[in-house]
>>> print(open('query_22.cif').read())   # mmCIF, C-alpha atoms
data_my_file
#
loop_
_atom_site.label_atom_id
_atom_site.label_comp_id
_atom_site.auth_asym_id
_atom_site.auth_seq_id
_atom_site.Cartn_x
_atom_site.Cartn_y
_atom_site.Cartn_z
CA MET R 365 135.93 -17.09 -77.82
CA GLN R 366 137.41 -15.19 -74.90
CA ALA R 367 140.88 -15.76 -76.34
CA LEU R 368 139.75 -14.50 -79.75
CA GLU R 369 138.32 -11.30 -78.27
CA THR R 370 141.50 -10.72 -76.29
CA ILE R 371 143.76 -11.14 -79.31
CA LEU R 372 141.61 -8.88 -81.50
CA GLY R 373 141.39 -6.29 -78.75
CA GLU R 374 145.18 -6.25 -78.30
CA LEU R 375 145.78 -5.90 -82.03
CA ALA R 376 143.21 -3.09 -82.32
CA LEU R 377 144.90 -1.28 -79.41
CA GLN R 378 148.29 -1.64 -81.07
CA LEU R 379 147.05 -0.21 -84.38
CA GLY R 380 145.16 2.57 -82.58
CA ASP R 381 148.17 3.54 -80.44
CA GLU R 382 150.49 3.64 -83.45
CA GLU R 383 148.19 5.81 -85.58
CA LEU R 384 147.36 8.13 -82.67
CA PHE R 385 150.99 8.64 -81.66
CA LEU R 386 152.27 9.20 -85.18
CA GLY R 387 149.30 11.48 -85.92
CA HIS R 388 150.18 13.51 -82.83
CA ARG R 389 153.83 13.80 -83.90
CA ASP R 390 152.61 14.95 -87.35
CA SER R 391 150.51 17.66 -85.72
CA GLU R 392 153.61 18.99 -83.91
CA TRP R 393 154.84 20.33 -87.27
CA LEU R 394 151.86 22.66 -87.70
CA GLY R 395 153.07 26.23 -88.02
CA LEU R 396 156.70 25.06 -88.05
CA ALA R 397 157.02 22.98 -91.24
CA PRO R 398 159.70 24.14 -93.70
CA GLU R 399 157.14 25.09 -96.40
CA VAL R 400 153.53 26.23 -96.19
CA GLU R 401 152.54 23.25 -98.39
CA GLU R 402 154.00 20.97 -95.73
CA ASP R 403 151.94 22.68 -93.03
CA VAL R 404 148.86 21.85 -95.08
CA ALA R 405 150.08 18.33 -95.87
CA PHE R 406 150.94 17.48 -92.27
CA ALA R 407 147.60 18.89 -91.04
CA SER R 408 145.81 16.61 -93.48
CA ILE R 409 147.98 13.58 -92.70
CA ALA R 410 147.61 14.06 -88.94
CA GLN R 411 143.84 14.28 -89.37
CA ASP R 412 143.81 11.00 -91.33
CA GLU R 413 146.00 9.17 -88.80
CA VAL R 414 143.96 10.28 -85.80
CA ARG R 415 140.72 9.25 -87.49
CA HIS R 416 142.23 5.86 -88.34
CA ALA R 417 143.18 5.52 -84.68
CA THR R 418 139.52 6.17 -83.81
CA PHE R 419 138.46 3.30 -86.06
CA TRP R 420 140.85 0.90 -84.32
CA TYR R 421 139.89 2.07 -80.81
CA GLU R 422 136.23 1.50 -81.71
CA LEU R 423 137.11 -2.04 -82.75
CA ALA R 424 138.95 -2.47 -79.41
CA GLU R 425 135.82 -1.22 -77.66
CA ALA R 426 133.76 -3.80 -79.58
CA SER R 427 136.21 -6.45 -78.31
CA GLY R 428 135.44 -5.47 -74.73
CA CYS R 429 138.58 -3.43 -73.98
CA GLY R 430 136.67 -0.40 -72.67
CA GLN R 431 135.33 2.86 -74.05
CA ALA R 432 137.16 4.15 -77.17
CA ASP R 433 137.98 7.67 -75.88
CA ALA R 434 139.31 6.28 -72.61
CA LEU R 435 141.44 3.78 -74.55
CA ALA R 436 142.87 6.62 -76.61
CA PHE R 437 143.60 9.13 -73.85
CA ASP R 438 143.55 7.50 -70.43
CA ARG R 439 145.88 4.52 -70.79
CA ALA R 440 149.33 5.07 -69.29
CA ALA R 441 152.44 4.91 -71.46
CA LEU R 442 153.34 1.48 -70.03
CA GLU R 443 150.00 0.01 -71.16
CA ARG R 444 150.47 1.10 -74.76
CA ARG R 445 151.10 -1.42 -77.55
CA HIS R 446 152.81 0.82 -80.13
CA ALA R 447 156.06 0.35 -82.00
CA ALA R 448 158.66 2.65 -80.39
CA LEU R 449 159.26 4.36 -83.75
CA CYS R 450 155.76 5.93 -83.72
CA ALA R 451 156.37 7.87 -80.50
CA ARG R 452 159.92 9.04 -81.26
CA PRO R 453 160.29 12.84 -81.23
CA ASN R 454 160.19 14.33 -84.73
CA GLY R 455 163.85 15.29 -84.90
CA ASP R 456 164.80 17.17 -88.06
CA TRP R 457 162.89 17.10 -91.36
CA ALA R 458 164.92 14.16 -92.73
CA HIS R 459 164.12 12.10 -89.62
CA THR R 460 160.46 13.11 -89.86
CA VAL R 461 159.96 12.09 -93.49
CA LEU R 462 162.08 8.92 -93.32
CA ARG R 463 160.33 7.72 -90.13
CA HIS R 464 156.95 8.38 -91.74
CA TYR R 465 157.98 6.71 -94.99
CA LEU R 466 159.12 3.54 -93.20
CA TYR R 467 155.96 3.45 -91.10
CA ASP R 468 153.72 4.01 -94.14
CA ALA R 469 155.51 1.27 -96.10
CA TRP R 470 155.09 -1.26 -93.27
CA ASP R 471 151.51 -0.09 -92.72
CA ALA R 472 150.70 -0.62 -96.43
CA VAL R 473 151.98 -4.22 -96.24
CA ARG R 474 150.13 -4.84 -92.98
CA LEU R 475 146.85 -3.27 -94.17
CA ALA R 476 146.99 -5.32 -97.39
CA ALA R 477 147.36 -8.48 -95.29
CA LEU R 478 144.32 -7.46 -93.19
CA ALA R 479 142.33 -6.56 -96.33
CA GLU R 480 143.11 -9.93 -97.97
CA ALA R 481 142.04 -11.92 -94.91
CA GLY R 482 138.50 -13.04 -94.31
CA ASP R 483 137.18 -10.91 -91.47
CA ALA R 484 134.70 -8.46 -93.02
CA LEU R 485 134.94 -5.51 -90.64
CA TRP R 486 138.73 -5.55 -90.31
CA ALA R 487 139.16 -5.99 -94.08
CA GLN R 488 136.73 -3.13 -94.88
CA GLY R 489 138.51 -0.72 -92.56
CA ALA R 490 141.88 -1.79 -93.98
CA ARG R 491 140.74 -1.25 -97.58
CA ARG R 492 139.52 2.28 -96.78
CA MET R 493 142.76 3.13 -95.02
CA LEU R 494 144.91 1.72 -97.82
CA ARG R 495 143.42 4.28 -100.19
CA GLU R 496 143.96 7.14 -97.75
CA GLU R 497 147.44 6.11 -96.58
CA HIS R 498 148.56 5.77 -100.19
CA TYR R 499 148.82 9.58 -100.46
CA HIS R 500 150.93 9.84 -97.30
CA HIS R 501 153.18 7.15 -98.67
CA LEU R 502 153.67 8.88 -102.05
CA HIS R 503 154.35 12.18 -100.31
CA MET R 504 157.00 10.80 -97.93
CA GLU R 505 158.57 8.70 -100.68
CA LYS R 506 159.11 11.81 -102.80
CA TRP R 507 160.73 13.64 -99.89
CA VAL R 508 163.06 10.74 -99.07
CA VAL R 509 164.23 10.45 -102.69
CA ASP R 510 164.57 14.25 -103.08
CA LEU R 511 166.68 14.60 -99.91
CA GLY R 512 168.86 11.64 -100.86
CA ARG R 513 169.45 12.92 -104.39
CA ALA R 514 170.09 16.50 -103.26
CA GLY R 515 173.42 15.39 -101.76
CA GLY R 516 175.29 17.64 -99.31
CA GLU R 517 173.65 18.37 -95.98
CA ALA R 518 170.26 16.96 -97.03
CA ALA R 519 171.73 13.55 -97.87
CA ALA R 520 173.93 13.59 -94.75
CA ARG R 521 170.92 14.27 -92.55
CA LEU R 522 168.93 11.55 -94.30
CA ARG R 523 171.76 9.10 -93.70
CA ALA R 524 171.89 10.07 -90.02
CA ALA R 525 168.13 9.57 -89.77
CA PHE R 526 168.53 6.13 -91.36
CA GLU R 527 171.14 5.14 -88.76
CA ALA R 528 168.90 6.37 -85.94
CA LEU R 529 165.78 4.58 -87.24
CA LEU R 530 167.37 1.28 -88.28
CA PRO R 531 167.37 -0.28 -84.77
CA ASP R 532 163.59 0.45 -84.51
CA LEU R 533 162.66 -1.56 -87.59
CA PRO R 534 162.44 -5.08 -86.08
CA ASP R 535 160.09 -3.65 -83.47
CA LEU R 536 158.04 -1.82 -86.13
CA ALA R 537 157.70 -4.89 -88.34
CA ALA R 538 156.11 -6.93 -85.55
CA PHE R 539 152.81 -7.29 -83.73
CA ALA R 540 151.71 -6.79 -80.14
CA VAL R 541 150.22 -10.30 -80.27
CA ASP R 542 151.57 -13.55 -81.71
CA PRO R 543 151.30 -12.99 -85.50
CA GLN R 544 150.76 -16.71 -86.15
CA ALA R 545 147.63 -16.57 -83.97
CA LEU R 546 146.34 -13.75 -86.22
CA VAL R 547 146.92 -15.90 -89.30
CA ASP R 548 145.19 -18.89 -87.66
CA LEU R 549 142.21 -16.68 -86.78
CA GLY R 550 141.87 -15.42 -90.36
CA ILE R 551 142.65 -11.78 -89.46
CA LEU R 552 145.98 -11.68 -91.25
CA SER R 553 146.47 -13.33 -94.65
CA ARG R 554 150.22 -14.05 -94.37
CA PRO R 555 152.80 -14.89 -91.69
CA LEU R 556 155.20 -12.26 -90.33
CA ALA R 557 158.24 -13.53 -92.25
CA GLU R 558 156.38 -13.05 -95.55
CA LEU R 559 155.17 -9.59 -94.54
CA ARG R 560 158.74 -8.60 -93.73
CA ARG R 561 159.94 -9.83 -97.11
CA ALA R 562 157.16 -7.81 -98.77
CA PHE R 563 158.20 -4.76 -96.71
CA VAL R 564 161.84 -5.01 -97.82
CA ALA R 565 160.82 -5.52 -101.47
CA HIS R 566 158.54 -2.51 -101.17
CA ILE R 567 161.14 -0.08 -99.78
CA ALA R 568 164.16 -1.36 -101.77
CA PRO R 569 163.73 0.78 -104.95
CA THR R 570 163.08 3.98 -102.96
CA LEU R 571 165.97 3.47 -100.54
CA SER R 572 168.34 2.76 -103.40
CA GLN R 573 167.23 5.91 -105.26
CA ALA R 574 167.85 7.84 -102.04
CA GLY R 575 171.29 6.26 -101.63
CA LEU R 576 170.37 4.28 -98.50
CA PRO R 577 171.55 0.66 -98.06
CA VAL R 578 168.53 -1.65 -98.09
CA ASP R 579 170.74 -4.68 -97.29
CA ARG R 580 171.23 -3.26 -93.80
CA VAL R 581 167.46 -3.26 -93.30
CA GLU R 582 167.37 -6.91 -94.35
CA ALA R 583 170.25 -7.80 -92.01
CA THR R 584 168.70 -5.93 -89.08
CA LEU R 585 165.33 -7.64 -89.54
CA ALA R 586 167.00 -11.05 -89.95
CA ALA R 587 168.87 -10.57 -86.66
CA HIS R 588 165.54 -10.08 -84.85
CA PRO R 589 163.01 -12.61 -86.19
CA ARG R 590 160.38 -11.60 -83.59
CA GLU R 591 157.89 -14.38 -84.40
CA CYS R 592 156.24 -13.80 -81.02
CA ALA R 593 154.58 -10.70 -79.68
CA ARG R 594 156.82 -7.63 -79.38
CA PRO R 595 157.97 -6.56 -75.93
CA VAL R 596 156.58 -3.40 -74.37
CA ALA R 597 157.98 -0.40 -76.22
CA ARG R 598 160.19 2.25 -74.63
CA HIS R 599 157.72 4.31 -72.70
CA ASP R 600 159.45 7.55 -71.74
CA GLU R 601 158.84 9.12 -75.14
CA ALA R 602 155.22 7.96 -75.09
CA GLU R 603 154.87 9.46 -71.61
CA GLU R 604 156.06 12.86 -72.81
CA LEU R 605 153.75 12.60 -75.86
CA LEU R 606 150.72 11.70 -73.74
CA ALA R 607 151.38 14.52 -71.29
CA THR R 608 151.40 17.02 -74.19
CA MET R 609 148.39 15.46 -75.91
CA ASN R 610 146.35 15.46 -72.71
CA GLY R 611 147.54 18.88 -71.55
CA VAL R 612 144.27 20.67 -72.25
CA ARG R 613 142.06 17.71 -71.48
CA SER R 614 143.59 17.29 -68.02
CA LEU R 615 142.44 20.80 -67.07
CA GLY R 616 139.04 19.19 -66.63
CA ALA R 617 137.00 22.09 -67.97
CA ALA R 618 137.33 21.08 -71.61
CA VAL R 619 134.12 19.96 -73.31
CA TRP R 620 134.37 17.40 -76.11
CA MET P 767 104.52 4.06 -108.45
CA THR P 768 103.93 2.58 -105.00
CA ILE P 769 103.56 4.68 -101.88
CA ARG P 770 106.85 3.32 -100.66
CA SER P 771 108.81 4.37 -103.70
CA MET P 772 107.15 7.80 -103.59
CA SER P 773 108.50 8.33 -100.10
CA GLU P 774 111.92 7.13 -101.21
CA GLU P 775 111.73 9.67 -104.02
CA ALA P 776 111.02 12.36 -101.43
CA VAL P 777 114.13 11.30 -99.51
CA TRP P 778 116.29 11.56 -102.65
CA GLN P 779 114.84 15.01 -103.35
CA ALA P 780 115.66 16.09 -99.81
CA LEU P 781 119.20 14.71 -100.12
CA ALA P 782 119.68 16.74 -103.31
CA ARG P 783 119.33 19.82 -101.08
CA VAL P 784 122.06 18.77 -98.61
CA PRO P 785 125.26 20.55 -99.70
CA ASP P 786 128.84 19.66 -99.00
CA PRO P 787 129.90 22.27 -96.41
CA GLU P 788 133.22 23.02 -98.13
CA LEU P 789 131.95 22.80 -101.72
CA PRO P 790 128.37 24.05 -101.35
CA VAL P 791 127.65 23.99 -105.09
CA VAL P 792 127.42 20.19 -104.92
CA SER P 793 125.06 17.99 -102.92
CA VAL P 794 125.82 14.70 -101.24
CA ILE P 795 124.15 13.04 -104.25
CA ASP P 796 126.39 14.92 -106.72
CA LEU P 797 129.43 13.72 -104.77
CA GLY P 798 128.29 10.10 -104.95
CA MET P 799 128.14 9.87 -101.17
CA VAL P 800 124.69 8.24 -100.96
CA LYS P 801 124.92 4.46 -100.92
CA SER P 802 121.31 3.58 -100.16
CA VAL P 803 117.94 4.95 -99.09
CA ALA P 804 115.23 2.92 -97.41
CA VAL P 805 111.88 4.04 -96.02
CA ASP P 806 109.47 2.08 -93.82
CA ASP P 807 106.78 2.78 -91.20
CA ARG P 808 109.35 3.87 -88.64
CA GLY P 809 111.17 6.36 -90.85
CA ALA P 810 114.04 6.58 -93.29
CA ARG P 811 117.46 5.02 -93.26
CA VAL P 812 120.22 6.64 -95.30
CA GLU P 813 123.62 5.08 -95.80
CA LEU P 814 126.40 7.51 -96.73
CA ILE P 815 129.91 6.75 -97.99
CA PRO P 816 132.55 8.97 -96.35
CA THR P 817 134.90 10.55 -98.90
CA PHE P 818 137.69 10.25 -96.33
CA LEU P 819 137.36 8.67 -92.89
CA GLY P 820 139.06 11.69 -91.34
CA CYS P 821 136.79 14.25 -93.01
CA PRO P 822 135.70 16.54 -90.17
CA ALA P 823 132.49 17.43 -92.04
CA LEU P 824 130.93 13.96 -91.69
CA GLY P 825 129.07 14.74 -88.46
CA TRP P 826 127.82 18.03 -89.92
CA ILE P 827 126.61 16.28 -93.09
CA ALA P 828 124.77 13.61 -91.07
CA ASP P 829 123.04 16.36 -89.04
CA LYS P 830 122.00 18.19 -92.25
CA VAL P 831 120.60 14.96 -93.73
CA ARG P 832 118.52 14.36 -90.60
CA ALA P 833 117.31 17.97 -90.65
CA ALA P 834 116.39 17.86 -94.38
CA LEU P 835 114.35 14.70 -93.82
CA ALA P 836 112.74 16.08 -90.68
CA GLU P 837 111.38 18.87 -92.92
CA GLN P 838 109.67 16.11 -94.93
CA GLY P 839 108.23 14.73 -91.69
CA LEU P 840 110.59 11.77 -91.74
CA GLU P 841 112.72 10.65 -88.86
CA ALA P 842 116.02 9.51 -90.37
CA GLU P 843 118.72 7.21 -89.25
CA VAL P 844 122.04 8.08 -90.91
CA ALA P 845 124.85 5.54 -91.07
CA PHE P 846 128.30 5.66 -92.67
CA ALA P 847 129.02 2.60 -94.81
CA LEU P 848 132.54 1.20 -94.88
CA ASP P 849 132.01 -1.60 -97.38
CA VAL P 850 132.26 0.79 -100.34
CA VAL P 851 135.44 2.83 -100.85
CA TRP P 852 134.67 6.34 -102.11
CA GLU P 853 136.53 7.41 -105.26
CA PRO P 854 136.19 10.49 -107.50
CA SER P 855 134.54 8.21 -110.12
CA ARG P 856 131.47 8.25 -107.85
CA ILE P 857 130.89 11.96 -108.59
CA THR P 858 127.96 12.39 -111.01
CA PRO P 859 128.35 14.17 -114.40
CA ASP P 860 126.26 16.99 -112.94
CA GLY P 861 128.56 17.18 -109.94
CA ILE P 862 131.68 17.22 -112.15
CA GLU P 863 130.28 20.19 -114.11
CA LYS P 864 129.30 22.15 -110.99
CA LEU P 865 132.73 21.58 -109.45
CA ARG P 866 134.49 22.63 -112.64
CA GLU P 867 132.52 25.89 -112.66
CA MET P 868 133.85 26.71 -109.21
CA GLY P 869 137.43 25.83 -110.21
CA VAL P 870 137.72 22.29 -108.86
CA ALA P 871 138.64 19.62 -111.40
CA VAL P 872 137.70 15.95 -111.15
CA PRO P 873 140.34 13.50 -112.42
CA ALA P 874 139.27 11.12 -115.19
CA ARG P 875 138.28 7.56 -114.39
CA SER P 876 141.15 5.94 -116.27
CA GLY P 877 143.83 7.82 -114.37
CA GLY P 878 145.98 7.84 -117.52
CA THR P 879 145.06 11.29 -118.89
CA PRO P 880 146.34 14.29 -116.93
CA VAL P 881 143.50 16.21 -115.30
CA ALA P 882 142.08 19.09 -117.40
CA CYS P 883 142.49 22.63 -116.07
CA PRO P 884 139.05 23.85 -114.91
CA TYR P 885 139.84 27.36 -116.21
CA CYS P 886 141.29 26.84 -119.70
CA GLY P 887 140.65 23.14 -120.34
CA ALA P 888 144.30 22.34 -121.15
CA HIS P 889 145.72 18.98 -120.12
CA ASP P 890 149.20 20.45 -119.61
CA THR P 891 148.83 20.22 -115.83
CA GLU P 892 150.90 18.88 -112.95
CA ILE P 893 150.28 18.01 -109.34
CA GLU P 894 151.73 20.58 -106.92
CA SER P 895 150.75 18.94 -103.67
CA LEU P 896 148.67 15.87 -102.86
CA PHE P 897 147.31 17.74 -99.87
CA GLY P 898 144.85 20.60 -100.24
CA PRO P 899 142.40 22.49 -98.05
CA THR P 900 140.32 19.36 -97.29
CA PRO P 901 141.25 15.66 -97.14
CA CYS P 902 139.55 14.96 -100.50
CA ARG P 903 141.33 17.70 -102.49
CA ALA P 904 144.80 18.14 -104.01
CA VAL P 905 146.54 21.21 -105.49
CA TYR P 906 147.49 21.28 -109.18
CA TYR P 907 149.12 23.76 -111.54
CA CYS P 908 148.19 24.49 -115.17
CA ARG P 909 151.27 25.20 -117.29
CA ALA P 910 149.10 26.49 -120.16
CA CYS P 911 147.29 29.32 -118.34
CA ARG P 912 149.70 29.42 -115.36
CA GLN P 913 146.98 29.05 -112.79
CA PRO P 914 147.09 26.91 -109.69
CA PHE P 915 143.83 25.02 -109.22
CA GLU P 916 142.31 22.34 -107.06
CA ALA P 917 141.18 18.87 -108.02
CA MET P 918 139.58 16.03 -106.13
CA LYS P 919 142.34 13.62 -105.03
CA PRO P 920 142.99 11.18 -107.90
#
>>> encode(input="query_22.cif", output="structure tokens")
Amino acid sequence: MQALETILGELALQLGDEELFLGHRDSEWLGLAPEVEEDVAFASIAQDEVRHATFWYELAEASGCGQADALAFDRAALERRHAALCARPNGDWAHTVLRHYLYDAWDAVRLAALAEAGDALWAQGARRMLREEHYHHLHMEKWVVDLGRAGGEAAARLRAAFEALLPDLPDLAAFAVDPQALVDLGILSRPLAELRRAFVAHIAPTLSQAGLPVDRVEATLAAHPRECARPVARHDEAEELLATMNGVRSLGAAVW
Amino acid sequence: MTIRSMSEEAVWQALARVPDPELPVVSVIDLGMVKSVAVDDRGARVELIPTFLGCPALGWIADKVRAALAEQGLEAEVAFALDVVWEPSRITPDGIEKLREMGVAVPARSGGTPVACPYCGAHDTEIESLFGPTPCRAVYYCRACRQPFEAMKP
């Protein structure tokens, strides 16, 4: 039982950290996005991601990891369980939308596997989030295809973003705990190798429309099977992110 | 009618007076946000379905539900249910009409037909942005009357 709680707690922390960090990066575009519609879109997307993080931190709290707010704000960068991709600085617009697209695609596959599995609370949360994340996914997908098809500088920047993000994919398509243990516990419906195949099948049509080579994603994932838990992510970018996120809170006078 | 169902009726009537803070023409009942109502000796229990988990109005709505029931002399426990996923098809016919009058369309159940413009009724519409002023709304454009309008997210 202790082992079960620990595994669930670790997974909930991973999902919470990823949604919180990406949601924070989304919020960094507010007032700066290239179109006013994107300001509105990124405000809405950031709000969704941060609320999803809250759901996962509450599950972590229920697994005995500590109080949800403290889990969100007070854990040091080294204690975080996120995929490095989620904390990367936004970069340019191409990097922003491609990073988000790849995360949303993996998240859709992962949430479906949680929703299909037997555990009621995890599956219910996953089903809710699948509906909400669907809009983010459609939005980012359109941007990726539009930039790729535009050619010229847009396509060149998208290609550069692809090269920068490719090495992060094996770490994204992984879990902070042994994925086979999650399958054995009935939290995840399918093993990691199957989820990765579903991920590649999912992104293949979009990447090809955008002129990006999906076979390189396949090769990169195959070179890093990662059947065990992922190593601790690069933490310097998370450290910078946490310092910004906690900037007001650390003044001490803020009331929540 | 038993005493119990009469008090449940009173709860539903009170809920009909709790507006959505962003779309005050519709109540939480119109929006299909009420999952269940139960009343016993200790008070009322209301289960609400969040439209979107990240909707910042949820706490406000829960407070207003408690206040509306307190006016009826009922202490209410308000919970958010996760086992039902909210969709625009939960909005009542009354709610759809009230929203249309204020310029917010509700997409059809089937999803096949393009949403009708709330101003001119034409179906020659397109989605401008999936993200509108609140998590549950998107921005559309009517090519017939050349008006942008809002609709609940499909």
>>> interface_residues(input="query_22.cif", of="chain R", to="chain P", cutoff="6 Å", atoms="only C-alpha atoms", output="PyMOL selection string")
chain R and resi 405+408+411-412+415+488+492
>>> residues_around(input="query_22.cif", residues="Pro884 of chain P", least_positions_apart="5", cutoff="9 Å", atoms="all atoms listed in the file", output="MDAnalysis selection string")
chainID P and resid 865:872 915:917
>>> resolve_selection(input="query_22.cif", expression="the PyMOL selection byres ((chain P and resi 793) around 8)", output="ChimeraX atom specification")
/P:781-786,790-792,794-797,861
>>> resolve_selection(input="query_22.cif", expression="the PyMOL selection byres ((chain R and resi 563) around 9)", output="list in words")
Ala469, Trp470, Ala472, Val473, Arg474, Ala537, Glu558, Leu559, Arg560, Arg561, Ala562, Val564, Ala565, His566, Ile567 and Ala568 of chain R
>>> residues_around(input="query_22.cif", residues="segment 531-533 of chain R", least_positions_apart="2", cutoff="12 Å", atoms="only C-alpha atoms", output="count of residues only")
39
>>> resolve_selection(input="query_22.cif", expression="the PyMOL selection byres ((chain R and resi 426) around 12)", output="compact mmCIF listing (two decimals) with C-alpha atoms, in the coordinates of the input")
# COMPACT_ATOMS: atom_id res chain seq x y z
CA GLU R 369 138.32 -11.30 -78.27
CA THR R 370 141.50 -10.72 -76.29
CA LEU R 372 141.61 -8.88 -81.50
CA GLY R 373 141.39 -6.29 -78.75
CA GLU R 374 145.18 -6.25 -78.30
CA ALA R 376 143.21 -3.09 -82.32
CA LEU R 377 144.90 -1.28 -79.41
CA PHE R 419 138.46 3.30 -86.06
CA TRP R 420 140.85 0.90 -84.32
CA TYR R 421 139.89 2.07 -80.81
CA GLU R 422 136.23 1.50 -81.71
CA LEU R 423 137.11 -2.04 -82.75
CA ALA R 424 138.95 -2.47 -79.41
CA GLU R 425 135.82 -1.22 -77.66
CA SER R 427 136.21 -6.45 -78.31
CA GLY R 428 135.44 -5.47 -74.73
CA CYS R 429 138.58 -3.43 -73.98
CA GLY R 430 136.67 -0.40 -72.67
CA GLN R 431 135.33 2.86 -74.05
CA ALA R 432 137.16 4.15 -77.17
CA LEU R 435 141.44 3.78 -74.55
CA LEU R 485 134.94 -5.51 -90.64
CA TRP R 486 138.73 -5.55 -90.31
>>> atom_distance(input="query_22.cif", atom1="atom CA of Ala557 of chain R", atom2="atom CA of Ala540 of chain R")
15.3 Å
>>> closest_residue(input="query_22.cif", among="R:Leu379, R:Val612, R:Leu576, R:Ala479", to="Leu530 of chain R", atoms="only C-alpha atoms")
R:Leu576
>>> build_atoms(input="query_22.cif", residues="segment 577-589 of chain R", atoms="N, CA and C atoms", output="PDB file, in the frame of the given file")
ATOM      1  N   PRO R 577     171.269   2.085 -97.849  1.00  0.00           N
ATOM      2  CA  PRO R 577     171.550   0.660 -98.060  1.00  0.00           C
ATOM      3  C   PRO R 577     170.434  -0.258 -97.560  1.00  0.00           C
ATOM      4  N   VAL R 578     169.649  -0.799 -98.483  1.00  0.00           N
ATOM      5  CA  VAL R 578     168.530  -1.650 -98.090  1.00  0.00           C
ATOM      6  C   VAL R 578     169.012  -2.970 -97.491  1.00  0.00           C
ATOM      7  N   ASP R 579     170.249  -3.407 -97.850  1.00  0.00           N
ATOM      8  CA  ASP R 579     170.740  -4.680 -97.290  1.00  0.00           C
ATOM      9  C   ASP R 579     170.906  -4.587 -95.776  1.00  0.00           C
ATOM     10  N   ARG R 580     171.113  -3.395 -95.264  1.00  0.00           N
ATOM     11  CA  ARG R 580     171.230  -3.260 -93.800  1.00  0.00           C
ATOM     12  C   ARG R 580     169.872  -3.406 -93.138  1.00  0.00           C
ATOM     13  N   VAL R 581     168.799  -3.022 -93.836  1.00  0.00           N
ATOM     14  CA  VAL R 581     167.460  -3.260 -93.300  1.00  0.00           C
ATOM     15  C   VAL R 581     167.223  -4.761 -93.223  1.00  0.00           C
ATOM     16  N   GLU R 582     167.554  -5.463 -94.308  1.00  0.00           N
ATOM     17  CA  GLU R 582     167.370  -6.910 -94.350  1.00  0.00           C
ATOM     18  C   GLU R 582     168.138  -7.589 -93.214  1.00  0.00           C
ATOM     19  N   ALA R 583     169.407  -7.182 -93.041  1.00  0.00           N
ATOM     20  CA  ALA R 583     170.250  -7.800 -92.010  1.00  0.00           C
ATOM     21  C   ALA R 583     169.695  -7.513 -90.618  1.00  0.00           C
ATOM     22  N   THR R 584     169.230  -6.289 -90.399  1.00  0.00           N
ATOM     23  CA  THR R 584     168.700  -5.930 -89.080  1.00  0.00           C
ATOM     24  C   THR R 584     167.435  -6.720 -88.766  1.00  0.00           C
ATOM     25  N   LEU R 585     166.563  -6.865 -89.761  1.00  0.00           N
ATOM     26  CA  LEU R 585     165.330  -7.640 -89.540  1.00  0.00           C
ATOM     27  C   LEU R 585     165.673  -9.117 -89.296  1.00  0.00           C
ATOM     28  N   ALA R 586     166.645  -9.634 -90.077  1.00  0.00           N
ATOM     29  CA  ALA R 586     167.000 -11.050 -89.950  1.00  0.00           C
ATOM     30  C   ALA R 586     167.581 -11.351 -88.565  1.00  0.00           C
ATOM     31  N   ALA R 587     168.272 -10.362 -87.978  1.00  0.00           N
ATOM     32  CA  ALA R 587     168.870 -10.570 -86.660  1.00  0.00           C
ATOM     33  C   ALA R 587     167.829 -10.595 -85.542  1.00  0.00           C
ATOM     34  N   HIS R 588     166.618 -10.122 -85.855  1.00  0.00           N
ATOM     35  CA  HIS R 588     165.540 -10.080 -84.850  1.00  0.00           C
ATOM     36  C   HIS R 588     164.270 -10.659 -85.445  1.00  0.00           C
ATOM     37  N   PRO R 589     164.149 -12.001 -85.488  1.00  0.00           N
ATOM     38  CA  PRO R 589     163.010 -12.610 -86.190  1.00  0.00           C
ATOM     39  C   PRO R 589     161.647 -12.279 -85.565  1.00  0.00           C
TER      40      PRO R 589
END
